[in-house]
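Participant: To be precise about what I am sending: the file is called coords-v7.tsv and holds TSV, C-alpha atoms.
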chain	number	residue	atom	x	y	z
A	1	MET	CA	-11.25	-23.66	-1.55
A	2	THR	CA	-12.15	-27.35	-1.37
A	3	ALA	CA	-12.34	-29.33	1.90
A	4	ALA	CA	-9.07	-31.06	1.03
A	5	GLN	CA	-7.40	-27.72	0.35
A	6	GLU	CA	-8.69	-26.41	3.69
A	7	ILE	CA	-6.97	-29.26	5.52
A	8	GLU	CA	-3.88	-28.76	3.40
A	9	PHE	CA	-3.89	-25.04	4.29
A	10	THR	CA	-4.20	-25.74	8.02
A	11	ASN	CA	-1.26	-28.14	7.85
A	12	TYR	CA	0.70	-25.63	5.83
A	13	LEU	CA	-0.03	-22.97	8.47
A	14	GLU	CA	1.17	-25.30	11.21
A	15	LYS	CA	4.44	-25.68	9.36
A	16	HIS	CA	4.94	-21.97	8.71
A	17	LYS	CA	3.45	-20.40	11.86
A	18	LYS	CA	6.86	-19.35	13.20
A	19	LEU	CA	7.76	-17.65	9.94
A	20	ILE	CA	4.49	-15.67	9.98
A	21	TYR	CA	4.96	-14.65	13.60
A	22	LYS	CA	8.56	-13.55	13.07
A	23	VAL	CA	7.77	-11.41	10.03
A	24	ALA	CA	4.89	-9.74	11.87
A	25	ARG	CA	7.01	-9.28	15.00
A	26	VAL	CA	9.74	-7.49	13.05
A	27	TYR	CA	7.23	-5.01	11.60
A	28	CYS	CA	5.07	-4.52	14.71
A	29	HIS	CA	6.00	-3.59	18.22
A	30	ASP	CA	2.57	-3.04	19.65
A	31	ALA	CA	0.88	-6.28	20.81
A	32	GLU	CA	-2.53	-5.42	19.34
A	33	ASP	CA	-1.07	-4.31	16.01
A	34	LEU	CA	0.90	-7.55	15.94
A	35	LYS	CA	-2.31	-9.60	16.28
A	36	ASP	CA	-3.98	-7.54	13.53
A	37	LEU	CA	-1.02	-8.01	11.22
A	38	ILE	CA	-0.90	-11.77	11.80
A	39	GLN	CA	-4.61	-12.01	10.97
A	40	ASP	CA	-4.10	-10.00	7.78
A	41	ILE	CA	-1.16	-12.15	6.69
A	42	ILE	CA	-3.13	-15.35	7.25
A	43	VAL	CA	-6.13	-14.00	5.35
A	44	GLN	CA	-3.90	-13.05	2.40
A	45	LEU	CA	-2.22	-16.46	2.48
A	46	TRP	CA	-5.61	-18.14	2.57
A	47	LYS	CA	-6.81	-16.06	-0.40
A	48	ALA	CA	-3.67	-16.81	-2.41
A	49	PHE	CA	-3.39	-20.47	-1.41
A	50	PRO	CA	-5.47	-21.93	-4.27
A	51	SER	CA	-3.27	-20.09	-6.79
A	52	TYR	CA	0.04	-21.09	-5.17
A	53	ASN	CA	2.79	-21.05	-7.74
A	54	ASP	CA	4.92	-24.17	-7.25
A	55	LYS	CA	7.74	-22.48	-9.14
A	56	TYR	CA	8.67	-21.20	-5.69
A	57	ALA	CA	9.26	-23.10	-2.47
A	58	PHE	CA	6.42	-22.77	0.04
A	59	SER	CA	8.70	-20.80	2.36
A	60	THR	CA	9.69	-18.32	-0.41
A	61	TRP	CA	6.05	-17.85	-1.32
A	62	THR	CA	5.08	-17.35	2.33
A	63	TYR	CA	7.87	-14.85	2.99
A	64	ARG	CA	6.81	-12.84	-0.07
A	65	ILE	CA	3.19	-12.59	1.00
A	66	ALA	CA	3.94	-12.00	4.69
A	67	LEU	CA	6.48	-9.29	3.90
A	68	ASN	CA	4.26	-7.59	1.33
A	69	VAL	CA	1.33	-7.49	3.74
A	70	SER	CA	3.58	-6.17	6.52
A	71	ILE	CA	5.04	-3.42	4.36
A	72	SER	CA	1.68	-2.33	2.95
A	73	GLN	CA	0.34	-2.21	6.52
A	74	LEU	CA	2.50	0.85	7.01
A	75	ARG	CA	-0.10	2.83	5.12
A	76	LYS	CA	-2.90	1.88	7.46
A	77	SER	CA	-4.04	4.49	9.89
A	78	THR	CA	-7.09	3.01	11.49
A	79	SER	CA	-9.08	5.17	13.84
A	80	LYS	CA	-9.14	4.16	17.51
A	81	SER	CA	-12.88	3.44	17.50
A	82	LYS	CA	-12.56	1.26	14.41
A	83	ARG	CA	-9.70	-0.62	15.97
A	84	LEU	CA	-11.72	-1.24	19.11
A	85	GLU	CA	-14.66	-2.44	17.04
A	86	GLU	CA	-12.38	-4.81	15.13
A	87	TYR	CA	-10.75	-5.97	18.33
A	88	LEU	CA	-14.07	-6.88	19.91
A	89	GLU	CA	-15.03	-9.17	17.06
A	90	GLN	CA	-11.54	-10.43	16.59
A	91	VAL	CA	-10.76	-14.06	16.16
A	92	GLU	CA	-7.22	-15.28	16.41
A	93	TYR	CA	-5.97	-17.80	13.92
A	94	LEU	CA	-2.75	-18.17	15.87
A	95	ASN	CA	-2.80	-18.44	19.64
A	96	ILE	CA	0.44	-17.08	20.97
A	97	ASP	CA	1.52	-17.65	24.54
A	98	GLU	CA	3.16	-14.71	26.22
A	99	GLN	CA	6.67	-14.38	24.84
A	100	HIS	CA	9.56	-14.03	27.24
A	101	GLU	CA	12.27	-12.61	25.06
A	102	ASP	CA	15.66	-12.30	26.67
A	103	GLU	CA	17.14	-8.83	26.80
A	104	ASN	CA	19.44	-9.28	23.81
A	105	LEU	CA	16.68	-10.63	21.62
A	106	ALA	CA	14.36	-7.80	22.69
A	107	ASN	CA	17.09	-5.31	21.80
A	108	LEU	CA	17.67	-7.04	18.49
A	109	PHE	CA	13.97	-6.64	17.65
A	110	LYS	CA	14.13	-3.04	18.83
A	111	PHE	CA	17.10	-2.23	16.60
A	112	ILE	CA	15.66	-4.10	13.63
A	113	GLY	CA	12.58	-1.93	14.16
A	114	LEU	CA	14.72	1.13	13.43
A	115	LEU	CA	15.68	-0.13	9.96
A	116	LYS	CA	13.98	0.72	6.67
A	117	PRO	CA	11.14	-1.69	5.74
A	118	ILE	CA	13.14	-3.48	3.04
A	119	ASP	CA	16.22	-3.71	5.26
A	120	LYS	CA	14.07	-5.32	7.95
A	121	ALA	CA	13.10	-7.97	5.41
A	122	VAL	CA	16.72	-8.60	4.39
A	123	ILE	CA	18.02	-9.03	7.95
A	124	LEU	CA	15.06	-11.17	9.00
A	125	LEU	CA	15.71	-13.52	6.10
A	126	HIS	CA	19.42	-13.58	6.91
A	127	LEU	CA	18.76	-14.43	10.56
A	128	ASP	CA	16.39	-17.16	9.43
A	129	GLY	CA	19.29	-18.67	7.50
A	130	ILE	CA	17.87	-18.05	4.02
A	131	SER	CA	20.45	-18.11	1.22
A	132	ASN	CA	21.28	-14.90	-0.69
A	133	LYS	CA	19.78	-16.43	-3.83
A	134	GLU	CA	16.48	-17.06	-2.12
A	135	VAL	CA	16.52	-13.63	-0.44
A	136	ALA	CA	16.97	-12.15	-3.91
A	137	GLU	CA	14.01	-14.20	-5.15
A	138	ILE	CA	11.82	-13.01	-2.28
A	139	THR	CA	12.79	-9.35	-2.35
A	140	GLY	CA	13.45	-8.79	-6.06
A	141	PHE	CA	16.97	-7.40	-5.54
A	142	THR	CA	20.03	-8.92	-7.17
A	143	VAL	CA	22.19	-11.41	-5.24
A	144	SER	CA	25.18	-9.04	-5.17
A	145	ASN	CA	22.98	-6.23	-3.96
A	146	ILE	CA	21.69	-8.44	-1.18
A	147	SER	CA	25.19	-9.21	0.14
A	148	THR	CA	26.09	-5.52	0.09
A	149	LYS	CA	22.86	-4.63	1.89
A	150	LYS	CA	23.36	-7.39	4.42
A	151	GLN	CA	26.83	-6.15	5.35
A	152	ARG	CA	25.60	-2.59	5.73
A	153	ILE	CA	22.64	-3.66	7.90
A	154	ILE	CA	24.79	-5.86	10.13
A	155	GLU	CA	27.20	-2.96	10.63
A	156	GLU	CA	24.27	-0.71	11.49
A	157	LEU	CA	22.94	-3.20	14.04
A	158	LYS	CA	26.40	-3.72	15.52
A	159	GLY	CA	26.63	0.05	15.88
A	160	HIS	CA	23.40	0.13	17.87
A	161	PHE	CA	24.64	-2.60	20.19
A	162	GLU	CA	27.94	-0.78	20.66
A	163	THR	CA	26.07	2.37	21.66
A	164	LEU	CA	24.02	0.32	24.09
A	165	LYS	CA	27.15	-1.14	25.68
A	166	ASN	CA	28.69	2.29	26.14
B	1	MET	CA	27.67	-9.52	22.33
B	2	ASN	CA	28.66	-9.89	18.68
B	3	PHE	CA	26.30	-10.40	15.78
B	4	GLU	CA	26.94	-14.14	15.57
B	5	GLU	CA	25.82	-14.52	19.16
B	6	LEU	CA	22.68	-12.58	18.36
B	7	ALA	CA	22.01	-14.87	15.43
B	8	SER	CA	22.26	-17.81	17.83
B	9	ALA	CA	19.81	-16.14	20.23
B	10	TRP	CA	17.47	-15.73	17.26
B	11	LYS	CA	17.74	-19.43	16.42
B	12	ALA	CA	17.17	-20.43	20.05
B	13	ASN	CA	14.02	-18.30	20.11
B	14	ASP	CA	12.89	-20.13	16.98
B	15	GLN	CA	12.68	-23.37	18.94
B	16	THR	CA	10.68	-21.71	21.74
B	17	LEU	CA	8.21	-20.33	19.19
B	18	GLU	CA	7.42	-23.82	17.95
B	19	SER	CA	5.75	-24.64	21.27
B	20	THR	CA	4.33	-21.20	22.13
B	21	ILE	CA	2.41	-20.67	18.89
B	22	LYS	CA	-0.59	-22.82	18.21
B	23	VAL	CA	-2.74	-22.79	15.11
B	24	ASN	CA	-6.41	-22.34	15.91
B	25	ARG	CA	-7.44	-25.09	13.50
B	26	LEU	CA	-11.18	-24.67	13.89
B	27	LEU	CA	-11.07	-20.95	13.19
B	28	VAL	CA	-8.79	-21.41	10.22
B	29	LYS	CA	-11.21	-23.97	8.85
B	30	ASN	CA	-13.99	-21.39	9.23
B	31	LEU	CA	-12.07	-18.77	7.26
B	32	ALA	CA	-14.16	-19.59	4.21
B	33	PHE	CA	-17.32	-18.49	6.00
B	34	ARG	CA	-15.98	-15.20	7.22
B	35	LYS	CA	-16.34	-11.93	5.41
B	36	ILE	CA	-12.80	-11.30	4.30
B	37	LYS	CA	-11.61	-7.73	4.25
B	38	SER	CA	-7.95	-7.63	3.44
B	39	SER	CA	-6.03	-6.12	0.60
B	40	LEU	CA	-2.64	-4.55	0.09
B	41	TYR	CA	-4.24	-1.35	-1.15
B	42	GLU	CA	-7.73	-0.19	-0.43
B	43	ILE	CA	-9.86	0.16	-3.56
B	44	LYS	CA	-11.79	3.38	-3.35
B	45	TRP	CA	-15.18	2.77	-4.90
B	46	THR	CA	-15.40	6.50	-5.64
B	47	SER	CA	-12.78	5.78	-8.33
B	48	PHE	CA	-15.32	3.71	-10.28
B	49	PHE	CA	-17.94	6.44	-9.82
B	50	GLU	CA	-15.48	9.14	-10.97
B	51	LEU	CA	-14.60	7.00	-13.98
B	52	ALA	CA	-18.27	6.54	-14.93
B	53	VAL	CA	-18.99	10.28	-14.59
B	54	ASN	CA	-15.92	11.14	-16.68
B	55	VAL	CA	-16.91	8.69	-19.42
B	56	LEU	CA	-20.40	10.18	-19.55
B	57	PHE	CA	-18.93	13.67	-19.67
B	58	TYR	CA	-16.59	12.55	-22.45
B	59	PHE	CA	-19.55	11.50	-24.65
B	60	PHE	CA	-21.37	14.72	-23.80
B	61	LEU	CA	-18.33	16.74	-24.89
B	62	VAL	CA	-17.86	14.77	-28.12
B	63	ASN	CA	-21.48	15.46	-29.06
B	64	PHE	CA	-21.12	19.09	-28.06
B	65	ILE	CA	-18.00	19.53	-30.20
B	66	ARG	CA	-19.72	17.89	-33.17
B	67	ASP	CA	-22.58	20.39	-32.86
B	68	HIS	CA	-20.33	23.44	-32.45
B	69	LEU	CA	-17.55	22.83	-34.95
B	70	THR	CA	-17.77	26.32	-36.42
B	71	GLN	CA	-18.39	28.22	-33.19
B	72	TYR	CA	-14.84	28.67	-31.93
B	73	GLU	CA	-15.92	30.48	-28.75
B	74	PHE	CA	-17.50	27.16	-27.64
B	75	LEU	CA	-15.28	24.77	-29.57
B	76	ILE	CA	-12.01	25.83	-27.89
B	77	PRO	CA	-13.21	25.53	-24.24
B	78	ALA	CA	-14.93	22.23	-25.14
B	79	ILE	CA	-11.70	20.82	-26.60
B	80	LEU	CA	-9.82	21.96	-23.48
B	81	LEU	CA	-12.32	20.10	-21.31
B	82	LEU	CA	-12.20	17.06	-23.60
B	83	VAL	CA	-8.41	16.83	-23.28
B	84	LEU	CA	-8.71	17.13	-19.51
B	85	THR	CA	-11.40	14.45	-19.41
B	86	ILE	CA	-9.32	12.05	-21.53
B	87	VAL	CA	-6.34	12.58	-19.23
B	88	GLU	CA	-8.56	12.01	-16.16
B	89	VAL	CA	-10.08	8.81	-17.61
B	90	GLY	CA	-6.64	7.54	-18.59
B	91	ALA	CA	-5.20	8.29	-15.15
B	92	GLU	CA	-8.14	6.65	-13.37
B	93	ILE	CA	-7.93	3.49	-15.54
B	94	PHE	CA	-4.17	3.34	-14.96
B	95	LYS	CA	-4.66	3.66	-11.20
B	96	LEU	CA	-7.37	1.00	-11.09
B	97	TYR	CA	-5.22	-1.31	-13.19
B	98	GLN	CA	-2.34	-0.87	-10.75
B	99	VAL	CA	-4.59	-1.61	-7.76
B	100	LEU	CA	-6.27	-4.61	-9.34
B	101	THR	CA	-2.99	-6.15	-10.46
B	102	LEU	CA	-1.31	-5.66	-7.09
B	103	ASP	CA	-0.37	-9.19	-6.13
B	104	ALA	CA	0.98	-10.15	-2.71
B	105	GLN	CA	2.78	-13.09	-4.33
B	106	GLU	CA	5.08	-10.77	-6.31
B	107	SER	CA	8.54	-9.87	-5.07
B	108	VAL	CA	8.73	-7.36	-2.23
B	109	LEU	CA	10.47	-4.80	-4.44
B	110	LYS	CA	7.85	-5.01	-7.17
B	111	VAL	CA	4.99	-4.58	-4.68
B	112	LYS	CA	6.85	-1.75	-2.96
B	113	GLU	CA	7.27	0.03	-6.30
B	114	LYS	CA	3.57	-0.32	-7.08
B	115	LEU	CA	2.51	0.90	-3.64
B	116	THR	CA	4.84	3.89	-3.93
B	117	LEU	CA	3.48	4.67	-7.39
B	118	LEU	CA	-0.09	4.50	-6.09
B	119	LYS	CA	0.74	6.83	-3.23
B	120	ARG	CA	2.42	9.25	-5.63
B	121	LEU	CA	-0.70	9.18	-7.82
B	122	GLU	CA	-2.79	9.96	-4.72
B	123	ILE	CA	-0.63	13.01	-4.07
B	124	ILE	CA	-0.79	14.18	-7.69
B	125	ASP	CA	-4.54	13.62	-7.64
B	126	THR	CA	-5.00	15.90	-4.66
B	127	TYR	CA	-2.73	18.64	-5.96
B	128	SER	CA	-4.20	18.57	-9.45
B	129	LEU	CA	-7.70	18.99	-8.05
B	130	TYR	CA	-6.72	22.34	-6.59
B	131	ILE	CA	-5.59	23.47	-10.02
B	132	ILE	CA	-8.28	21.84	-12.14
B	133	ILE	CA	-11.28	23.12	-10.18
B	134	PRO	CA	-10.54	26.86	-10.37
B	135	VAL	CA	-8.87	26.88	-13.80
B	136	PHE	CA	-11.41	24.75	-15.65
B	137	SER	CA	-14.59	25.89	-13.91
B	138	GLY	CA	-14.97	28.83	-16.33
B	139	PRO	CA	-15.06	26.71	-19.52
B	140	PHE	CA	-17.07	24.08	-17.60
B	141	PHE	CA	-19.93	26.52	-16.78
B	142	LEU	CA	-19.83	27.90	-20.31
B	143	ILE	CA	-20.19	24.51	-21.98
B	144	LEU	CA	-22.70	23.14	-19.48
B	145	ALA	CA	-24.95	26.21	-19.77
B	146	LYS	CA	-24.88	25.99	-23.55
B	147	GLY	CA	-25.07	22.20	-23.87
B	148	LEU	CA	-27.69	21.44	-21.24
B	149	LEU	CA	-29.74	24.62	-20.91
B	150	GLY	CA	-29.10	26.24	-24.28
B	151	ILE	CA	-27.94	29.46	-22.55
B	152	ASP	CA	-25.16	31.39	-24.23
B	153	LEU	CA	-23.16	32.96	-21.39
B	154	TYR	CA	-21.31	35.15	-23.91
B	155	GLN	CA	-24.44	37.28	-24.27
B	156	PHE	CA	-23.85	38.57	-20.74
B	157	ASP	CA	-21.06	40.86	-19.74
B	158	LEU	CA	-17.98	38.61	-19.80
B	159	THR	CA	-15.71	40.80	-17.76
B	160	TRP	CA	-16.57	38.74	-14.67
B	161	MET	CA	-15.58	35.53	-16.42
B	162	ILE	CA	-12.25	36.88	-17.61
B	163	GLN	CA	-11.51	38.16	-14.12
B	164	TYR	CA	-12.71	34.87	-12.66
B	165	VAL	CA	-10.46	32.71	-14.86
B	166	GLY	CA	-7.50	35.07	-14.36
B	167	GLY	CA	-8.03	35.07	-10.61
B	168	SER	CA	-8.39	31.28	-10.62
B	169	PHE	CA	-4.80	30.84	-11.71
B	170	VAL	CA	-3.63	32.98	-8.81
B	171	VAL	CA	-5.89	31.14	-6.33
B	172	ALA	CA	-4.70	27.74	-7.66
B	173	ALA	CA	-1.05	28.75	-7.27
B	174	ILE	CA	-1.67	29.97	-3.71
B	175	LEU	CA	-3.57	26.80	-2.79
B	176	VAL	CA	-0.80	24.52	-4.06
B	177	PHE	CA	1.78	26.60	-2.22
B	178	ILE	CA	-0.20	26.37	1.05
B	179	LEU	CA	-0.78	22.65	0.56
B	180	LYS	CA	2.92	22.07	0.01
B	181	ARG	CA	3.79	23.96	3.18
B	182	PHE	CA	0.95	22.51	5.26
B	183	PRO	CA	-0.21	19.22	3.71
B	184	ASN	CA	-3.48	17.75	4.97
B	185	GLU	CA	-3.63	14.43	6.85
B	186	LYS	CA	-4.21	12.32	3.73
B	187	LEU	CA	-1.31	13.92	1.91
B	188	LYS	CA	0.94	13.71	4.95
B	189	ALA	CA	0.21	9.98	5.27
B	190	ALA	CA	0.94	9.44	1.57
B	191	MET	CA	4.21	11.37	1.78
B	192	GLU	CA	5.29	9.58	4.95
B	193	PHE	CA	4.57	6.23	3.32
B	194	ILE	CA	6.77	7.10	0.35
B	195	ASN	CA	9.53	8.38	2.64
B	196	THR	CA	9.42	5.20	4.73
B	197	LEU	CA	9.71	3.04	1.67
B	198	GLU	CA	12.49	5.05	0.07
B	199	ASP	CA	15.44	2.83	-0.46
B	200	ASP	CA	18.72	2.89	-2.27
B	201	GLU	CA	17.25	2.22	-5.70
B	202	ALA	CA	20.50	3.11	-7.43
B	203	SER	CA	22.18	0.08	-5.93
B	204	ARG	CA	19.77	-2.43	-7.44
Would you encode the structure as structure tokens?

Facilitator:
Amino acid sequence: MTAAQEIEFTNYLEKHKKLIYKVARVYCHDAEDLKDLIQDIIVQLWKAFPSYNDKYAFSTWTYRIALNVSISQLRKSTSKSKRLEEYLEQVEYLNIDEQHEDENLANLFKFIGLLKPIDKAVILLHLDGISNKEVAEITGFTVSNISTKKQRIIEELKGHFETLKN
Amino acid sequence: MNFEELASAWKANDQTLESTIKVNRLLVKNLAFRKIKSSLYEIKWTSFFELAVNVLFYFFLVNFIRDHLTQYEFLIPAILLLVLTIVEVGAEIFKLYQVLTLDAQESVLKVKEKLTLLKRLEIIDTYSLYIIIPVFSGPFFLILAKGLLGIDLYQFDLTWMIQYVGGSFVVAAILVFILKRFPNEKLKAAMEFINTLEDDEASR
């Protein structure tokens, strides 16, 4: 990566930091795992940055990478000692102040956490206001499939909130 | 609280995040100097070693077959091993190709499919080992003794070998059964991964 690209990447990161955090937050509930996942996403973005395909919008491209890293993270089963070792030498590319999520938002994250990995991606993109067409582009599903999925997921989440109320 | 209200809470949180997340510019700039260890699927370097050993064994078998074309007692087990080796080499190349072409920039579904395939291959790999080792060890010893040491194992009493190969099938079947009932940690992780990623593929 050239010096100019490095600056460009840092500016890009500044613009998309919320997106990265939100994707990681949806897939991770443990604070330490969340930090690890954010680091991994940023490293993947950094590696892919020079070969960015401008056929896609930067946000589409970022969602794809962030979601793919998050889903593949499911396979990881790092030993405790290894995690500690990694933690000690850890550097944080994003500094995140302590988040004070209100109860409803915390519950929303909790219930999203119960969904299947792909469903998590679909609802996250919906909440972020991404169009069905773009969600289809990111996930690889068809547009009609996305709207069906979205309805089903919303119903599922509503169900969880209903149970909570009762 | 209805879903629309939740969506608003989500949007409100979005604004808070803008101020609570800061990019560590200096560290990001230093990314280039750090040893980067991050991939969607871990490449096992043993795969390359296995591939190299199998290719060497392939050439050994081809030479062996050429030298024993008329000796069916050696030709048949050698051909069996050759077929197995070709399948192993093919499977290993296919797996490596899948890993090396795994691209985080692809659509989520495409990456998910590849990851699931790789996990399935891991499972097949483990199960097949329990069958291959006992079933093919007989022909393997026979060919290796003849090809490398020039010893013809047929000159000894072969009852042990027949019993050994016969018993191997039974042992292999029992091992696979046990493994299916009580999978080891690696297999369990692979199966769990596939189960987590299972989605309504029919509705695509």

Participant: Select all residues from chain A having any atom no more than 7 Å from an atom of chain B (counting only C-alpha atoms, ignoring ligands), output as a ChimeraX atom specification.

Facilitator: /A:6,10,14,18,40,43-44,61,64-65,67-69,72,74-75,93-97,105,116-117,127,137-142,145,158

Participant: Could those residues be written to a file, using C-alpha atoms, as a PDB file, keeping the file's coordinate frame?

Facilitator:
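Saved to again-v1.pdb:
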ATOM      1  CA  GLU A   6      -8.690 -26.410   3.690  1.00  0.00           C
ATOM      2  CA  THR A  10      -4.200 -25.740   8.020  1.00  0.00           C
ATOM      3  CA  GLU A  14       1.170 -25.300  11.210  1.00  0.00           C
ATOM      4  CA  LYS A  18       6.860 -19.350  13.200  1.00  0.00           C
ATOM      5  CA  ASP A  40      -4.100 -10.000   7.780  1.00  0.00           C
ATOM      6  CA  VAL A  43      -6.130 -14.000   5.350  1.00  0.00           C
ATOM      7  CA  GLN A  44      -3.900 -13.050   2.400  1.00  0.00           C
ATOM      8  CA  TRP A  61       6.050 -17.850  -1.320  1.00  0.00           C
ATOM      9  CA  ARG A  64       6.810 -12.840  -0.070  1.00  0.00           C
ATOM     10  CA  ILE A  65       3.190 -12.590   1.000  1.00  0.00           C
ATOM     11  CA  LEU A  67       6.480  -9.290   3.900  1.00  0.00           C
ATOM     12  CA  ASN A  68       4.260  -7.590   1.330  1.00  0.00           C
ATOM     13  CA  VAL A  69       1.330  -7.490   3.740  1.00  0.00           C
ATOM     14  CA  SER A  72       1.680  -2.330   2.950  1.00  0.00           C
ATOM     15  CA  LEU A  74       2.500   0.850   7.010  1.00  0.00           C
ATOM     16  CA  ARG A  75      -0.100   2.830   5.120  1.00  0.00           C
ATOM     17  CA  TYR A  93      -5.970 -17.800  13.920  1.00  0.00           C
ATOM     18  CA  LEU A  94      -2.750 -18.170  15.870  1.00  0.00           C
ATOM     19  CA  ASN A  95      -2.800 -18.440  19.640  1.00  0.00           C
ATOM     20  CA  ILE A  96       0.440 -17.080  20.970  1.00  0.00           C
ATOM     21  CA  ASP A  97       1.520 -17.650  24.540  1.00  0.00           C
ATOM     22  CA  LEU A 105      16.680 -10.630  21.620  1.00  0.00           C
ATOM     23  CA  LYS A 116      13.980   0.720   6.670  1.00  0.00           C
ATOM     24  CA  PRO A 117      11.140  -1.690   5.740  1.00  0.00           C
ATOM     25  CA  LEU A 127      18.760 -14.430  10.560  1.00  0.00           C
ATOM     26  CA  GLU A 137      14.010 -14.200  -5.150  1.00  0.00           C
ATOM     27  CA  ILE A 138      11.820 -13.010  -2.280  1.00  0.00           C
ATOM     28  CA  THR A 139      12.790  -9.350  -2.350  1.00  0.00           C
ATOM     29  CA  GLY A 140      13.450  -8.790  -6.060  1.00  0.00           C
ATOM     30  CA  PHE A 141      16.970  -7.400  -5.540  1.00  0.00           C
ATOM     31  CA  THR A 142      20.030  -8.920  -7.170  1.00  0.00           C
ATOM     32  CA  ASN A 145      22.980  -6.230  -3.960  1.00  0.00           C
ATOM     33  CA  LYS A 158      26.400  -3.720  15.520  1.00  0.00           C
TER      34      LYS A 158
END

Participant: As an exercise, work out the distance from atom CA of B:Asp152 to atom CA of B:Ser137 in Å and give it to one decimal place.

Facilitator: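 One can read the atom CA of B:Asp152 to atom CA of B:Ser137 distance as 15.8 Å.
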
Participant: So what do you get for atom CA of A:Tyr52 versus atom CA of B:Ile93, distance-wise?

Facilitator: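 Computing the Euclidean distance for atom CA of A:Tyr52 and atom CA of B:Ile93 yields 27.8 Å.
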
Participant: Write out as a PyMOL selection string which residues come within 12 Å of B:Tyr154 when counting only C-alpha atoms, dropping same-chain ones fewer than 2 positions away.

Facilitator: chain B and resi 71+73-74+138-139+141-143+145-146+150-152+156-162

Participant: Please compute the atom CA of B:Ala52-atom CA of B:Glu122 distance, one decimal, in Å.

Facilitator: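 Pair atom CA of B:Ala52 / atom CA of B:Glu122 returns 18.9 Å.
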
Participant: Can you list, as a PyMOL selection string, every protein, DNA or RNA residue that comes within 12 Å of B:Phe177 when you count only C-alpha atoms, leaving out same-chain residues fewer than 5 positions away?

Facilitator: chain B and resi 127+130-131+170-172+182-183

Participant: So, with only C-alpha atoms as the atoms that count, which of B:Arg181, B:Leu153, B:Pro134, B:Leu82 lies closest to B:Ser168?

Facilitator: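 The closest residue to B:Ser168 is B:Pro134.
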